[in-house]
Amino acid sequence: MRALILAAGRGARMRPLSDTTPKPLLPLAGKPLIAYHLERLAAAGVRYVVINTARLGEQFPEALGDGARWGLRIRYSYEGETPLETGGGMLRALALLGSADPFIAVSADLYTDYDFATLPAEPAGLAHLVMVDNPPYHAGGDFTLRDGLLHEDGAPRLTYANIGVYRPQLFEHWRQVLGDAPGAEATPPVFKLAPLLRHAMRKGQISGEHYTGDWHNLGTPQELAALETQLRGAI
């Protein structure tokens, strides 16, 4: 299976650290945050990774190279100074992923001990998402998980962990789904992933799971420092 690491976000809440260094490249217990994903993806058998980048994007190949040190082949999808949002970024990266097979997608600015090898290689529908308990900053959650399928409405709600397996076919009719939404007519298009997911959920095409292990969405220098202390204490 191939993988896409979403690393194009601006990291505004991580300032001033992110003023000169992309958030995924900030050091955490002696190595860049994104390196933890690369290690876990390689351990799960992934050999080809695309990383999408935007502002300060030139720093990624300088820091990570071609991926050989992890037994990976890394390609970079540079979006320009302005990110294309999650949906637009994934759509642009499909050409580099170069396959009609499902691929893993994970946000670069989180830390987790989730085992990527447990993800389904062939999701039953168009995507399979990992969900977690709602963090304090997102108490309302995103979706409801019932009988293995995700739904827009209902309770209790869970938060998308920004880890999933996607079929490229999710994007086949993206223009019809988005309609005249802002950014859809731009070149390249700029749009969020959520509208495509919700559209597919209404058709019962998005499965999910509830993960209760270690998961941190790192937004601020304080959160990064707290996790640094936690990890160094465990070494």
# chains A, B, ... in the order shown; residues from 1 in each chain; ligands from 1

$ select_by_dssp --residues "stretch 8-81 of chain A" --states "strand (DSSP E or B)" --output "PyMOL selection string"
chain A and resi 27-28+31-32+48-54+56+73-78

$ write_last_selection --atoms "N, CA, C and O atoms" --output "PDB file, in the first residue's frame"
ATOM      1  N   PRO A  27      11.365  19.476  15.863  1.00  0.00           N
ATOM      2  CA  PRO A  27      11.923  18.317  16.569  1.00  0.00           C
ATOM      3  C   PRO A  27      11.039  17.879  17.731  1.00  0.00           C
ATOM      4  O   PRO A  27      10.490  18.695  18.464  1.00  0.00           O
ATOM      5  N   LEU A  28      10.927  16.558  17.870  1.00  0.00           N
ATOM      6  CA  LEU A  28      10.197  15.953  18.980  1.00  0.00           C
ATOM      7  C   LEU A  28      11.035  14.783  19.485  1.00  0.00           C
ATOM      8  O   LEU A  28      11.219  13.789  18.776  1.00  0.00           O
ATOM      9  N   LYS A  31      13.966  13.946  16.932  1.00  0.00           N
ATOM     10  CA  LYS A  31      13.792  13.768  15.491  1.00  0.00           C
ATOM     11  C   LYS A  31      12.558  14.524  15.033  1.00  0.00           C
ATOM     12  O   LYS A  31      11.690  14.870  15.845  1.00  0.00           O
ATOM     13  N   PRO A  32      12.469  14.824  13.734  1.00  0.00           N
ATOM     14  CA  PRO A  32      11.310  15.578  13.250  1.00  0.00           C
ATOM     15  C   PRO A  32      10.009  14.834  13.522  1.00  0.00           C
ATOM     16  O   PRO A  32       9.954  13.597  13.438  1.00  0.00           O
ATOM     17  N   TYR A  48       6.268   3.380  -0.482  1.00  0.00           N
ATOM     18  CA  TYR A  48       6.187   4.570  -1.337  1.00  0.00           C
ATOM     19  C   TYR A  48       5.315   5.604  -0.640  1.00  0.00           C
ATOM     20  O   TYR A  48       4.165   5.319  -0.286  1.00  0.00           O
ATOM     21  N   VAL A  49       5.862   6.803  -0.432  1.00  0.00           N
ATOM     22  CA  VAL A  49       5.155   7.848   0.302  1.00  0.00           C
ATOM     23  C   VAL A  49       5.205   9.156  -0.484  1.00  0.00           C
ATOM     24  O   VAL A  49       6.263   9.555  -0.980  1.00  0.00           O
ATOM     25  N   VAL A  50       4.055   9.814  -0.583  1.00  0.00           N
ATOM     26  CA  VAL A  50       3.978  11.166  -1.126  1.00  0.00           C
ATOM     27  C   VAL A  50       3.741  12.121   0.039  1.00  0.00           C
ATOM     28  O   VAL A  50       2.903  11.850   0.908  1.00  0.00           O
ATOM     29  N   ILE A  51       4.487  13.201   0.071  1.00  0.00           N
ATOM     30  CA  ILE A  51       4.305  14.232   1.094  1.00  0.00           C
ATOM     31  C   ILE A  51       3.905  15.516   0.398  1.00  0.00           C
ATOM     32  O   ILE A  51       4.638  16.004  -0.469  1.00  0.00           O
ATOM     33  N   ASN A  52       2.724  16.058   0.743  1.00  0.00           N
ATOM     34  CA  ASN A  52       2.337  17.330   0.128  1.00  0.00           C
ATOM     35  C   ASN A  52       2.839  18.479   0.995  1.00  0.00           C
ATOM     36  O   ASN A  52       2.848  18.405   2.221  1.00  0.00           O
ATOM     37  N   THR A  53       3.343  19.523   0.350  1.00  0.00           N
ATOM     38  CA  THR A  53       3.958  20.640   1.050  1.00  0.00           C
ATOM     39  C   THR A  53       3.486  21.957   0.446  1.00  0.00           C
ATOM     40  O   THR A  53       2.975  21.997  -0.667  1.00  0.00           O
ATOM     41  N   ALA A  54       3.674  23.024   1.187  1.00  0.00           N
ATOM     42  CA  ALA A  54       3.338  24.368   0.693  1.00  0.00           C
ATOM     43  C   ALA A  54       4.419  25.325   1.192  1.00  0.00           C
ATOM     44  O   ALA A  54       5.587  25.177   0.836  1.00  0.00           O
ATOM     45  N   LEU A  56       7.418  27.026   2.892  1.00  0.00           N
ATOM     46  CA  LEU A  56       8.661  26.441   3.397  1.00  0.00           C
ATOM     47  C   LEU A  56       8.854  24.999   2.919  1.00  0.00           C
ATOM     48  O   LEU A  56       9.599  24.212   3.525  1.00  0.00           O
ATOM     49  N   ARG A  73      10.552   5.208  -0.534  1.00  0.00           N
ATOM     50  CA  ARG A  73      10.762   6.132  -1.646  1.00  0.00           C
ATOM     51  C   ARG A  73       9.793   7.294  -1.434  1.00  0.00           C
ATOM     52  O   ARG A  73       8.571   7.089  -1.407  1.00  0.00           O
ATOM     53  N   ILE A  74      10.306   8.498  -1.274  1.00  0.00           N
ATOM     54  CA  ILE A  74       9.473   9.669  -1.007  1.00  0.00           C
ATOM     55  C   ILE A  74       9.422  10.559  -2.245  1.00  0.00           C
ATOM     56  O   ILE A  74      10.438  10.852  -2.861  1.00  0.00           O
ATOM     57  N   ARG A  75       8.205  10.983  -2.573  1.00  0.00           N
ATOM     58  CA  ARG A  75       7.999  12.002  -3.595  1.00  0.00           C
ATOM     59  C   ARG A  75       7.288  13.184  -2.928  1.00  0.00           C
ATOM     60  O   ARG A  75       6.538  13.006  -1.953  1.00  0.00           O
ATOM     61  N   TYR A  76       7.486  14.389  -3.471  1.00  0.00           N
ATOM     62  CA  TYR A  76       6.926  15.598  -2.865  1.00  0.00           C
ATOM     63  C   TYR A  76       5.943  16.263  -3.817  1.00  0.00           C
ATOM     64  O   TYR A  76       6.225  16.432  -5.002  1.00  0.00           O
ATOM     65  N   SER A  77       4.791  16.632  -3.271  1.00  0.00           N
ATOM     66  CA  SER A  77       3.764  17.337  -4.033  1.00  0.00           C
ATOM     67  C   SER A  77       3.712  18.773  -3.517  1.00  0.00           C
ATOM     68  O   SER A  77       3.078  19.060  -2.494  1.00  0.00           O
ATOM     69  N   TYR A  78       4.399  19.683  -4.201  1.00  0.00           N
ATOM     70  CA  TYR A  78       4.462  21.070  -3.756  1.00  0.00           C
ATOM     71  C   TYR A  78       3.257  21.838  -4.285  1.00  0.00           C
ATOM     72  O   TYR A  78       2.989  21.869  -5.480  1.00  0.00           O
TER      73      TYR A  78
END

$ residues_around --residues "stretch 97-104 of chain A" --least-positions-apart "3" --cutoff "7 Å" --atoms "only C-alpha atoms" --output "ChimeraX atom specification"
/A:1-4,50,93-94,121-122,164-168

$ closest_residue --among "A:Ser107, A:Lys23, A:Tyr36, A:Arg157" --to "A:Pro135" --atoms "only C-alpha atoms"
A:Arg157

$ closest_residue --among "A:Glu85, A:Asp115, A:Glu62, A:Glu39" --to "A:Thr21" --atoms "only C-alpha atoms"
A:Glu62

$ closest_residue --among "A:Met201, A:Arg92, A:Phe116, A:Glu185" --to "A:Arg146" --atoms "only C-alpha atoms"
A:Met201

$ residues_around --residues "A:Gly140" --least-positions-apart "2" --cutoff "8 Å" --atoms "only C-alpha atoms" --output "list in words"
Asn134, His138, Asp142, Arg157 and Leu158 of chain A

$ closest_atom_pairs --of "stretch 4-62 of chain A" --to "stretch 217-224 of chain A" --cutoff "10 Å" --atoms "only C-alpha atoms" --output "tab-separated table"
residue	atom	partner	partner_atom	distance
A:Gly11	CA	A:Gly219	CA	7.3
A:Ala12	CA	A:Gly219	CA	8.4
A:Arg13	CA	A:Thr220	CA	5.4
A:Met14	CA	A:Thr220	CA	4.4
A:Arg15	CA	A:Pro221	CA	7.5
A:Pro16	CA	A:Pro221	CA	8.3
A:Leu17	CA	A:Pro221	CA	7.2
A:Ser18	CA	A:Pro221	CA	9.3
A:Lys23	CA	A:Gly219	CA	8.9
A:Pro24	CA	A:Leu218	CA	9.7
A:Leu26	CA	A:Leu224	CA	9.0
A:Pro27	CA	A:Leu224	CA	9.1
A:Leu28	CA	A:Leu224	CA	7.4
A:Ala29	CA	A:Leu224	CA	9.9
A:Leu33	CA	A:Leu224	CA	9.5

$ closest_residue --among "A:His199, A:Lys192, A:Arg40, A:Arg55" --to "A:Glu79" --atoms "only C-alpha atoms"
A:Arg55

$ atom_distance --atom1 "atom CA of A:Asn162" --atom2 "atom CA of A:Val106"
5.5 Å

$ closest_residue --among "A:Gln176, A:Gln230, A:Thr187, A:Thr212" --to "A:Ala161" --atoms "only C-alpha atoms"
A:Thr212

$ atom_distance --atom1 "atom CA of A:Ala108" --atom2 "atom CA of A:Pro123"
22.2 Å

$ closest_residue --among "A:Ala117, A:Met90, A:Ala8, A:Leu145" --to "A:Phe171" --atoms "only C-alpha atoms"
A:Met90
